[in-house]
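Trainee: Structure below; questions to follow.
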Amino acid sequence: MIIGTILRNFKTYSGINYVPITHGENFCGLVGNNGIGKSSVLEALDSFFNGKSWNFNIITKKSGFTTTRPYITPIFLIKKESISEGNKETAELISNYTWSIEESDVLSQNREQFKTFSMQREILIRDFEISNYYLIPIGSTYDNKPSLSFFNTKKLGDLIVEDFEKTLQQVPDENLEFLNSLLVELKEKFEYIYIPKDIDPENFTQLETKEIQSLMGETLNEIVEKCVPQRKIQEINQSLNSFIDSVSDILEEYAFRTSGVRQVNLRKHDVYKLIVEAYFKIRKLHKKEGAHWLEMSALSSGEKQKAIIELAYHFLKSYRSDTKNIILGIDEPESSLHMSACYDQFNKLYELSSLCKQLLFTTHWYGFIPTVENGCVSVISKKYKDHLFDLISISSYRESVKQTVRSSKGKLPYDIRLKSINDFTQSVVTSILTDEPYNWLICEGSSEKIYLEEYLSEIKSDKKLRIIPVGGAGEIKRIYNHLQVAYDDFKSEIQGKVILVSDTDAELVSYPTRDELKNLMCYRIVNVAKSRKTELVKISSNPVSPKTEIEDSLNGKLFYETLLEFQDDYPEIENVLSDVDEPSEEAVYFALDLSPSKLKLLDDFFDSDNNKFEFAKSYVSKLADTYEVPDWIENIKNLY
């Protein structure tokens, strides 16, 4: 993947600019005001990987290439086994140097840019087993010379040039030619597919376009060759020649021949070209609407934008077998979409990111930030003439924003958390105002979503139900407070329902809710000793204990059977379940009736590795009609 890219004098970027992209996540957004340079990053990568023409900064046009020397230098994070043996020595040298280079090694004018990279590198060292990964900054100048940008230092010269001249601060271009082979391999290893904002959807979605064939992973000629192999063409030629010979026999001294001695047969290239022209070019993408099929030209701008993303998703998910090296760049995927449709578009993008090596996108819509589980957002702003970049982790964006605001000394142009909640709230509200409204269930985390998606699968489609994890009870409180303000403005028009459900935490997040808002309801789950059930109660209602998470509220028998599957990898589970024998289908809290020490062991199990998520997937995979559905789940279903 690409963790960042260095641009010099490309489009809106004058001078040297380091654009951080990710801390290792593959869902990567670029946000900022219009004209700030978001699209320029995606365009630059298109020029680097696909040889598209370079859009030079105005300074280059004024001062010339020799002075301004534009380049595009991505920084690759790549597994060591992915690099060929022939380039391993070069990759090892550059990577070891990049993992260890310090700020003092870099030219003073480039140190601010290097600091941004250095902070990224610290997180990579924390989160990755770096002995398994190469970290390689390598790119191209405008005239196809290898570029290391600000990583080209005197320290590097001492490593790669024998008797490096002490007066030089950088390695001369001619001494970097040894990087060419590695550069070519990295360019060819990754397949960059770029979908710009101003693309013509009708032309783009035709099967003969380069981008669609890239998404399919094969050209139309390759597809036609499977259908019409060479032997078929030989058979056609033989039959046609037999026909011509038979006609010649009849005509005696006359014959149908080509000019020249050699009689030309149908060539494979000719046949395939004819098939593409006569069969594929007349076929355009259509969308099914009821019993009818609508051409792309009949769709709205928003529907066309949605169709492009759907097309990419289905090709990568169900058609193409090898997607592990695809980097997909999408410019403003929410363009022309109604606010109510933005969430669906970004949810599809998030799913799409799991099908490729990396998804890069630009956007003005921040509502996705509270709703996706993992990813990065690079906030691009400007101070005077300088571009500023702040990289935010989505998985911990609330804390990440606070830290970034402190470390960037107030450079962030706005509070991302506020912007993202506002955009998300608008999306929810607009979607519940229509005659065919959406319904929403907002929960704390991704494991809750897994359970609820499965238990409520019967009503999901019928009720147009969206189930959204937002990252904790505090965030649910924040969203509820925003929604109730918007609710007052539109209460007479609201058709859909929004239900927010949180856990009962040891330190309860309590806040007032309004019963008169009939289509906006806020509950928490809590285990009630008197009824021996998990119940849905209002946020400020009693009881306020015991601590109740969704895992405490599931079917006890199925929970027990699922937990046994993890016992081989986590021997402590045997101790947790030592006194449990054939538990009932009551809520887990009552069915297992664990002592405090065993509850602590179980909490530790769910808090380690990715166990909450993996357990949830295993649990729902075994759901069947033979297991009782918890009452509180049925109660939620009835609310819709």
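Labeling convention for the structure tokens: chains A, B, ... as they appear, residues from 1 per chain, ligands from 1 in order of appearance.
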With a distance cut-off of 8 Å and only C-alpha atoms, select the neighbouring residues of range 23-33 of chain A, excluding the residue or stretch itself and same-chain residues fewer than 6 positions from it, and output the selection as a short mmCIF file (atom, residue, chain, number, x, y, z; two decimals) with N, CA and C atoms, in the first residue's frame.
Mentor:
data_model
loop_
_atom_site.label_atom_id
_atom_site.label_comp_id
_atom_site.auth_asym_id
_atom_site.auth_seq_id
_atom_site.Cartn_x
_atom_site.Cartn_y
_atom_site.Cartn_z
N MET A 1 0.82 -1.19 0.00
CA MET A 1 0.00 0.00 0.00
C MET A 1 0.86 1.24 0.00
N ILE A 3 1.55 4.68 1.91
CA ILE A 3 1.25 5.36 3.18
C ILE A 3 1.25 6.88 3.02
N GLN A 120 4.04 9.36 11.42
CA GLN A 120 3.42 8.19 10.81
C GLN A 120 4.25 6.94 11.08
N ILE A 123 3.82 5.20 14.38
CA ILE A 123 2.60 4.39 14.48
C ILE A 123 2.77 3.08 13.72
N LEU A 124 3.43 3.12 12.57
CA LEU A 124 3.68 1.90 11.82
C LEU A 124 4.56 0.94 12.62
N TYR A 350 -16.83 1.45 1.94
CA TYR A 350 -16.10 0.75 3.01
C TYR A 350 -16.03 -0.74 2.70
N SER A 353 -13.46 -1.28 0.05
CA SER A 353 -12.07 -1.20 0.51
C SER A 353 -11.54 -2.54 0.99
N SER A 354 -12.43 -3.42 1.44
CA SER A 354 -11.99 -4.74 1.91
C SER A 354 -11.70 -5.68 0.75
N LYS A 357 -6.42 -3.73 -2.28
CA LYS A 357 -5.29 -3.39 -1.41
C LYS A 357 -5.53 -2.09 -0.67
N GLN A 358 -6.11 -1.10 -1.37
CA GLN A 358 -6.28 0.22 -0.76
C GLN A 358 -7.32 1.01 -1.53
N LEU A 359 -8.14 1.73 -0.80
CA LEU A 359 -9.14 2.62 -1.42
C LEU A 359 -8.82 4.04 -0.99
N LEU A 360 -8.58 4.90 -1.97
CA LEU A 360 -8.33 6.32 -1.72
C LEU A 360 -9.51 7.12 -2.27
N PHE A 361 -10.02 8.05 -1.50
CA PHE A 361 -11.13 8.85 -2.00
C PHE A 361 -11.03 10.27 -1.47
N THR A 362 -11.60 11.20 -2.23
CA THR A 362 -11.73 12.58 -1.76
C THR A 362 -13.20 12.82 -1.45
N THR A 363 -13.50 13.72 -0.53
CA THR A 363 -14.90 13.97 -0.19
C THR A 363 -15.07 15.29 0.55
N HIS A 364 -16.31 15.79 0.46
CA HIS A 364 -16.73 16.92 1.28
C HIS A 364 -17.71 16.46 2.35
N ASN A 374 -12.82 1.36 10.70
CA ASN A 374 -11.38 1.50 10.60
C ASN A 374 -11.02 2.29 9.35
N GLY A 375 -9.99 3.11 9.44
CA GLY A 375 -9.56 3.87 8.29
C GLY A 375 -8.81 5.12 8.71
N CYS A 376 -8.44 5.94 7.72
CA CYS A 376 -7.71 7.18 7.99
C CYS A 376 -8.29 8.31 7.16
N VAL A 377 -8.21 9.51 7.71
CA VAL A 377 -8.62 10.72 6.99
C VAL A 377 -7.47 11.71 7.04
N SER A 378 -7.05 12.15 5.87
CA SER A 378 -6.02 13.18 5.78
C SER A 378 -6.70 14.53 5.54
N VAL A 379 -6.58 15.41 6.52
CA VAL A 379 -7.21 16.73 6.44
C VAL A 379 -6.21 17.70 5.81
N ILE A 380 -6.61 18.26 4.67
CA ILE A 380 -5.73 19.17 3.93
C ILE A 380 -6.24 20.60 4.11
N SER A 381 -5.35 21.47 4.55
CA SER A 381 -5.71 22.88 4.72
C SER A 381 -4.56 23.74 4.20
N SER A 393 -6.86 9.00 12.53
CA SER A 393 -7.32 7.61 12.50
C SER A 393 -8.81 7.58 12.81
#
Trainee: Near Leu355 in chain A, within 12 Å and counting only C-alpha atoms, which residues show up once chain neighbours fewer than 4 positions away are dropped, as an MDAnalysis selection string?
Mentor: chainID A and resid 26:27 215 312:328 348:351 359
Trainee: Excluding same-chain residues fewer than 4 positions from Ala506 in chain A, what lies within 8 Å of it counting only C-alpha atoms, as a CSV table (one decimal) with N, CA and C atoms, in the first residue's frame?
Mentor:
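Here's the written file around-v5.csv:
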chain,number,residue,atom,x,y,z
A,545,SER,N,-27.6,-1.0,37.2
A,545,SER,CA,-26.6,-2.1,37.3
A,545,SER,C,-27.3,-3.4,37.2
A,546,PRO,N,-26.6,-4.5,36.9
A,546,PRO,CA,-25.2,-4.6,36.7
A,546,PRO,C,-24.7,-4.2,35.4
A,547,LYS,N,-23.4,-4.0,35.3
A,547,LYS,CA,-22.8,-3.7,34.0
A,547,LYS,C,-23.3,-4.7,32.9
Trainee: Could you tell me which of A:Pro20, A:Gly217, A:Gly260, A:Pro172 comes closest to Ile193 in chain A if we count only C-alpha atoms?
Mentor: A:Gly217
Trainee: Find, counting only C-alpha atoms, the residue in A:Thr60, A:Ser104, A:Thr67, A:Ser47 that gets nearest to Lys187 in chain A.
Mentor: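 The closest residue to Lys187 in chain A is A:Ser47.
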Trainee: Just want the 12 Å neighbourhood of Phe56 in chain A, counted on only C-alpha atoms, with same-chain residues fewer than 6 positions away dropped. Output as a list in words.
Mentor: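 My list of contacting residues is Leu7, Arg8, Asn9, Phe10, Lys11, Thr12, Tyr13, Ser14, Gly15, Ser40, Glu43, Ala44, Ser47, Lys62, Ser63, Gly64, Phe65, Thr68, Arg69, Pro70, Tyr71, Ile72, Thr141 and Tyr142 of chain A.
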Trainee: Near Ile636 in chain A, counting only C-alpha atoms, which residues have an atom at most 9 Å away, once you skip same-chain residues fewer than 3 positions from it, shown as an MDAnalysis selection string?
Mentor: chainID A and resid 456 499 536 631:633 639:640
Trainee: Of the candidates A:Glu585, A:Phe606, A:Glu516, A:Pro596, which one gets nearest to Tyr570 in chain A if we count only C-alpha atoms?
Mentor: A:Phe606
Trainee: Give me, as a list in words, all polymer residues having an atom no more than 9 Å from Pro437 in chain A, counting only C-alpha atoms and skipping those fewer than 6 positions away in the same chain.
Mentor: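 Selected residues are Thr430, Ser431, Lys463, Lys464, Ile494, Gln495, Gly496 and Lys497 of chain A.
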Trainee: With N, CA and C atoms retained, write the just-selected residues as a compact mmCIF listing (two decimals), in the first residue's frame.
Mentor:
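out_18.txt, written as the output of this step:
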# COMPACT_ATOMS: atom_id res chain seq x y z
N THR A 430 -32.72 13.50 6.74
CA THR A 430 -33.29 13.56 5.39
C THR A 430 -33.83 12.21 4.95
N SER A 431 -33.22 11.12 5.44
CA SER A 431 -33.66 9.78 5.01
C SER A 431 -34.96 9.34 5.67
N LYS A 463 -38.14 -3.05 6.09
CA LYS A 463 -38.23 -1.77 6.81
C LYS A 463 -37.13 -0.78 6.40
N LYS A 464 -36.31 -1.17 5.38
CA LYS A 464 -35.18 -0.32 4.97
C LYS A 464 -34.38 0.10 6.20
N ILE A 494 -41.76 13.65 9.75
CA ILE A 494 -40.95 12.45 9.96
C ILE A 494 -41.78 11.18 9.79
N GLN A 495 -41.28 10.26 8.96
CA GLN A 495 -41.96 9.01 8.67
C GLN A 495 -41.21 7.80 9.25
N GLY A 496 -39.87 7.84 9.19
CA GLY A 496 -39.06 6.71 9.67
C GLY A 496 -38.75 6.82 11.15
N LYS A 497 -38.17 5.75 11.70
CA LYS A 497 -37.82 5.72 13.12
C LYS A 497 -36.31 5.63 13.30
